Amino acid sequence: MLLGRFIHLLGPETSILSPKLYLWIFVTCDIISLVVQAVGGGMASMEVNKVNGDTAPGTHTMVAGIVFQLASITVFVFLAADFVRRTLRMRILQTMTGTIIPLLGAMIFSVICIYIRSIYRTIELSQGW
């Protein structure tokens, strides 16, 4: 949502997608990935207490949700990097005053942290419980 607000503020020429598309595409992807992870977690938890319970199908479903989330975040990272590249090339940020630069820096830092966390979670859960 924040990237969409930046695009709206700095102009549509700073992005490949419109601000509304960012909201619809990435919120939808996030909801889908969370639902898939929840279904997988439910499947795995139902099997844990059984004598010969097999948690593998649930674990694989959870991993699929996390991988989908990582893929959508990767697309977002490329689009956000393109936004930053365009704004730097057009020298739009140099004319901005106030809190927009620190806010943009905080957004970039947050995206990097979330991306690293998603990579870590994918590797961690793919190795099993």
# chains A, B, ... in the order shown; residues from 1 in each chain; ligands from 1
call {"tool": "residues_around", "arguments": {"residues": "region 27-38 of chain A", "least_positions_apart": "4", "cutoff": "12 Å", "atoms": "only C-alpha atoms", "output": "NGL selection string"}}
result
:A and (1 or 20-23 or 42-45 or 57-76 or 118 or 121-122 or 125)
call {"tool": "atom_distance", "arguments": {"atom1": "CA of Gln94 (chain A)", "atom2": "CA of Pro19 (chain A)"}}
result
21.8 Å
call {"tool": "closest_residue", "arguments": {"among": "A:Met90, A:Met46, A:Asp54, A:Gly40", "to": "Ser15 (chain A)", "atoms": "only C-alpha atoms"}}
result
A:Met90
call {"tool": "residues_around", "arguments": {"residues": "Ala81 (chain A)", "least_positions_apart": "4", "cutoff": "12 Å", "atoms": "only C-alpha atoms", "output": "PyMOL selection string"}}
result
chain A and resi 3+14-16+73-77+85-88+104+107-108+111-112
call {"tool": "select_by_dssp", "arguments": {"residues": "chain A", "states": "helix (DSSP H, G or I)", "output": "VMD selection string"}}
result
chain A and resid 2 to 10 12 to 14 19 to 48 56 to 89 93 to 95 100 to 126
call {"tool": "atom_distance", "arguments": {"atom1": "CA of Gly128 (chain A)", "atom2": "CA of Gly53 (chain A)"}}
result
14.5 Å
call {"tool": "atom_distance", "arguments": {"atom1": "CA of Leu2 (chain A)", "atom2": "CA of Pro102 (chain A)"}}
result
12.8 Å
call {"tool": "closest_residue", "arguments": {"among": "A:Ile25, A:Ala80, A:Glu47, A:Glu124", "to": "Phe109 (chain A)", "atoms": "only C-alpha atoms"}}
result
A:Ala80
call {"tool": "closest_residue", "arguments": {"among": "A:Asn49, A:Gly41, A:Ile92, A:Phe26", "to": "Glu13 (chain A)", "atoms": "only C-alpha atoms"}}
result
A:Ile92
call {"tool": "decode", "arguments": {"residues": "region 102-117 of chain A", "atoms": "all heavy atoms", "output": "PDB file, in the first residue's frame"}}
result
ATOM      1  N   PRO A 102      12.947   9.501   4.518  1.00  0.00           N
ATOM      2  CA  PRO A 102      13.042   8.504   5.593  1.00  0.00           C
ATOM      3  C   PRO A 102      11.953   7.428   5.506  1.00  0.00           C
ATOM      4  O   PRO A 102      12.209   6.258   5.798  1.00  0.00           O
ATOM      5  CB  PRO A 102      12.885   9.320   6.876  1.00  0.00           C
ATOM      6  CG  PRO A 102      13.267  10.704   6.506  1.00  0.00           C
ATOM      7  CD  PRO A 102      12.874  10.857   5.070  1.00  0.00           C
ATOM      8  N   LEU A 103      10.763   7.798   5.062  1.00  0.00           N
ATOM      9  CA  LEU A 103       9.683   6.828   4.921  1.00  0.00           C
ATOM     10  C   LEU A 103       9.992   5.834   3.808  1.00  0.00           C
ATOM     11  O   LEU A 103       9.765   4.629   3.960  1.00  0.00           O
ATOM     12  CB  LEU A 103       8.360   7.552   4.640  1.00  0.00           C
ATOM     13  CG  LEU A 103       7.106   6.699   4.645  1.00  0.00           C
ATOM     14  CD1 LEU A 103       6.932   5.990   5.983  1.00  0.00           C
ATOM     15  CD2 LEU A 103       5.897   7.559   4.339  1.00  0.00           C
ATOM     16  N   LEU A 104      10.541   6.312   2.711  1.00  0.00           N
ATOM     17  CA  LEU A 104      10.959   5.425   1.628  1.00  0.00           C
ATOM     18  C   LEU A 104      12.069   4.491   2.104  1.00  0.00           C
ATOM     19  O   LEU A 104      12.052   3.295   1.802  1.00  0.00           O
ATOM     20  CB  LEU A 104      11.419   6.239   0.408  1.00  0.00           C
ATOM     21  CG  LEU A 104      11.879   5.438  -0.802  1.00  0.00           C
ATOM     22  CD1 LEU A 104      10.752   4.576  -1.346  1.00  0.00           C
ATOM     23  CD2 LEU A 104      12.398   6.382  -1.884  1.00  0.00           C
ATOM     24  N   GLY A 105      13.019   5.027   2.862  1.00  0.00           N
ATOM     25  CA  GLY A 105      14.084   4.191   3.421  1.00  0.00           C
ATOM     26  C   GLY A 105      13.538   3.130   4.363  1.00  0.00           C
ATOM     27  O   GLY A 105      13.979   1.977   4.342  1.00  0.00           O
ATOM     28  N   ALA A 106      12.550   3.495   5.174  1.00  0.00           N
ATOM     29  CA  ALA A 106      11.930   2.527   6.091  1.00  0.00           C
ATOM     30  C   ALA A 106      11.189   1.448   5.320  1.00  0.00           C
ATOM     31  O   ALA A 106      11.226   0.270   5.692  1.00  0.00           O
ATOM     32  CB  ALA A 106      10.982   3.245   7.045  1.00  0.00           C
ATOM     33  N   MET A 107      10.541   1.827   4.218  1.00  0.00           N
ATOM     34  CA  MET A 107       9.849   0.838   3.401  1.00  0.00           C
ATOM     35  C   MET A 107      10.845  -0.138   2.775  1.00  0.00           C
ATOM     36  O   MET A 107      10.638  -1.351   2.788  1.00  0.00           O
ATOM     37  CB  MET A 107       9.039   1.517   2.294  1.00  0.00           C
ATOM     38  CG  MET A 107       8.229   0.527   1.468  1.00  0.00           C
ATOM     39  SD  MET A 107       7.534   1.224  -0.031  1.00  0.00           S
ATOM     40  CE  MET A 107       8.972   1.259  -1.105  1.00  0.00           C
ATOM     41  N   ILE A 108      11.935   0.385   2.257  1.00  0.00           N
ATOM     42  CA  ILE A 108      12.960  -0.470   1.650  1.00  0.00           C
ATOM     43  C   ILE A 108      13.535  -1.418   2.697  1.00  0.00           C
ATOM     44  O   ILE A 108      13.685  -2.623   2.451  1.00  0.00           O
ATOM     45  CB  ILE A 108      14.061   0.387   0.987  1.00  0.00           C
ATOM     46  CG1 ILE A 108      13.493   1.104  -0.234  1.00  0.00           C
ATOM     47  CG2 ILE A 108      15.271  -0.467   0.610  1.00  0.00           C
ATOM     48  CD1 ILE A 108      14.406   2.171  -0.807  1.00  0.00           C
ATOM     49  N   PHE A 109      13.842  -0.905   3.888  1.00  0.00           N
ATOM     50  CA  PHE A 109      14.367  -1.736   4.967  1.00  0.00           C
ATOM     51  C   PHE A 109      13.366  -2.821   5.359  1.00  0.00           C
ATOM     52  O   PHE A 109      13.739  -3.986   5.551  1.00  0.00           O
ATOM     53  CB  PHE A 109      14.724  -0.870   6.177  1.00  0.00           C
ATOM     54  CG  PHE A 109      15.249  -1.650   7.344  1.00  0.00           C
ATOM     55  CD1 PHE A 109      16.519  -2.209   7.306  1.00  0.00           C
ATOM     56  CD2 PHE A 109      14.470  -1.829   8.479  1.00  0.00           C
ATOM     57  CE1 PHE A 109      17.003  -2.943   8.377  1.00  0.00           C
ATOM     58  CE2 PHE A 109      14.939  -2.553   9.557  1.00  0.00           C
ATOM     59  CZ  PHE A 109      16.211  -3.114   9.505  1.00  0.00           C
ATOM     60  N   SER A 110      12.096  -2.477   5.452  1.00  0.00           N
ATOM     61  CA  SER A 110      11.054  -3.448   5.811  1.00  0.00           C
ATOM     62  C   SER A 110      10.932  -4.544   4.769  1.00  0.00           C
ATOM     63  O   SER A 110      10.825  -5.723   5.109  1.00  0.00           O
ATOM     64  CB  SER A 110       9.703  -2.748   5.969  1.00  0.00           C
ATOM     65  OG  SER A 110       9.736  -1.820   6.994  1.00  0.00           O
ATOM     66  N   VAL A 111      10.949  -4.159   3.501  1.00  0.00           N
ATOM     67  CA  VAL A 111      10.835  -5.146   2.432  1.00  0.00           C
ATOM     68  C   VAL A 111      12.030  -6.094   2.456  1.00  0.00           C
ATOM     69  O   VAL A 111      11.876  -7.310   2.290  1.00  0.00           O
ATOM     70  CB  VAL A 111      10.693  -4.450   1.055  1.00  0.00           C
ATOM     71  CG1 VAL A 111      10.870  -5.431  -0.082  1.00  0.00           C
ATOM     72  CG2 VAL A 111       9.352  -3.748   0.959  1.00  0.00           C
ATOM     73  N   ILE A 112      13.214  -5.575   2.682  1.00  0.00           N
ATOM     74  CA  ILE A 112      14.405  -6.428   2.762  1.00  0.00           C
ATOM     75  C   ILE A 112      14.288  -7.402   3.928  1.00  0.00           C
ATOM     76  O   ILE A 112      14.578  -8.598   3.777  1.00  0.00           O
ATOM     77  CB  ILE A 112      15.688  -5.567   2.875  1.00  0.00           C
ATOM     78  CG1 ILE A 112      15.955  -4.849   1.556  1.00  0.00           C
ATOM     79  CG2 ILE A 112      16.887  -6.422   3.265  1.00  0.00           C
ATOM     80  CD1 ILE A 112      17.039  -3.791   1.625  1.00  0.00           C
ATOM     81  N   CYS A 113      13.843  -6.930   5.080  1.00  0.00           N
ATOM     82  CA  CYS A 113      13.683  -7.811   6.253  1.00  0.00           C
ATOM     83  C   CYS A 113      12.641  -8.894   5.998  1.00  0.00           C
ATOM     84  O   CYS A 113      12.856 -10.070   6.338  1.00  0.00           O
ATOM     85  CB  CYS A 113      13.308  -7.002   7.491  1.00  0.00           C
ATOM     86  SG  CYS A 113      14.646  -5.989   8.127  1.00  0.00           S
ATOM     87  N   ILE A 114      11.513  -8.533   5.409  1.00  0.00           N
ATOM     88  CA  ILE A 114      10.469  -9.510   5.110  1.00  0.00           C
ATOM     89  C   ILE A 114      10.958 -10.518   4.082  1.00  0.00           C
ATOM     90  O   ILE A 114      10.680 -11.719   4.183  1.00  0.00           O
ATOM     91  CB  ILE A 114       9.185  -8.798   4.634  1.00  0.00           C
ATOM     92  CG1 ILE A 114       8.564  -8.020   5.792  1.00  0.00           C
ATOM     93  CG2 ILE A 114       8.187  -9.786   4.048  1.00  0.00           C
ATOM     94  CD1 ILE A 114       7.462  -7.061   5.379  1.00  0.00           C
ATOM     95  N   TYR A 115      11.710 -10.062   3.104  1.00  0.00           N
ATOM     96  CA  TYR A 115      12.246 -10.955   2.079  1.00  0.00           C
ATOM     97  C   TYR A 115      13.220 -11.963   2.682  1.00  0.00           C
ATOM     98  O   TYR A 115      13.144 -13.165   2.403  1.00  0.00           O
ATOM     99  CB  TYR A 115      12.919 -10.122   0.985  1.00  0.00           C
ATOM    100  CG  TYR A 115      13.210 -10.879  -0.274  1.00  0.00           C
ATOM    101  CD1 TYR A 115      12.185 -11.399  -1.042  1.00  0.00           C
ATOM    102  CD2 TYR A 115      14.511 -11.068  -0.706  1.00  0.00           C
ATOM    103  CE1 TYR A 115      12.440 -12.096  -2.206  1.00  0.00           C
ATOM    104  CE2 TYR A 115      14.781 -11.757  -1.871  1.00  0.00           C
ATOM    105  CZ  TYR A 115      13.738 -12.273  -2.620  1.00  0.00           C
ATOM    106  OH  TYR A 115      14.001 -12.964  -3.764  1.00  0.00           O
ATOM    107  N   ILE A 116      14.122 -11.495   3.531  1.00  0.00           N
ATOM    108  CA  ILE A 116      15.073 -12.392   4.201  1.00  0.00           C
ATOM    109  C   ILE A 116      14.330 -13.397   5.071  1.00  0.00           C
ATOM    110  O   ILE A 116      14.647 -14.590   5.077  1.00  0.00           O
ATOM    111  CB  ILE A 116      16.094 -11.590   5.029  1.00  0.00           C
ATOM    112  CG1 ILE A 116      17.038 -10.822   4.092  1.00  0.00           C
ATOM    113  CG2 ILE A 116      16.892 -12.484   5.965  1.00  0.00           C
ATOM    114  CD1 ILE A 116      17.913  -9.804   4.788  1.00  0.00           C
ATOM    115  N   ARG A 117      13.304 -12.936   5.805  1.00  0.00           N
ATOM    116  CA  ARG A 117      12.502 -13.824   6.649  1.00  0.00           C
ATOM    117  C   ARG A 117      11.803 -14.893   5.807  1.00  0.00           C
ATOM    118  O   ARG A 117      11.742 -16.059   6.190  1.00  0.00           O
ATOM    119  CB  ARG A 117      11.475 -13.012   7.431  1.00  0.00           C
ATOM    120  CG  ARG A 117      10.564 -13.840   8.285  1.00  0.00           C
ATOM    121  CD  ARG A 117       9.536 -12.935   8.986  1.00  0.00           C
ATOM    122  NE  ARG A 117       8.354 -13.668   9.301  1.00  0.00           N
ATOM    123  CZ  ARG A 117       7.253 -13.706   8.574  1.00  0.00           C
ATOM    124  NH1 ARG A 117       7.190 -13.020   7.454  1.00  0.00           N
ATOM    125  NH2 ARG A 117       6.219 -14.406   8.943  1.00  0.00           N
TER     126      ARG A 117
END
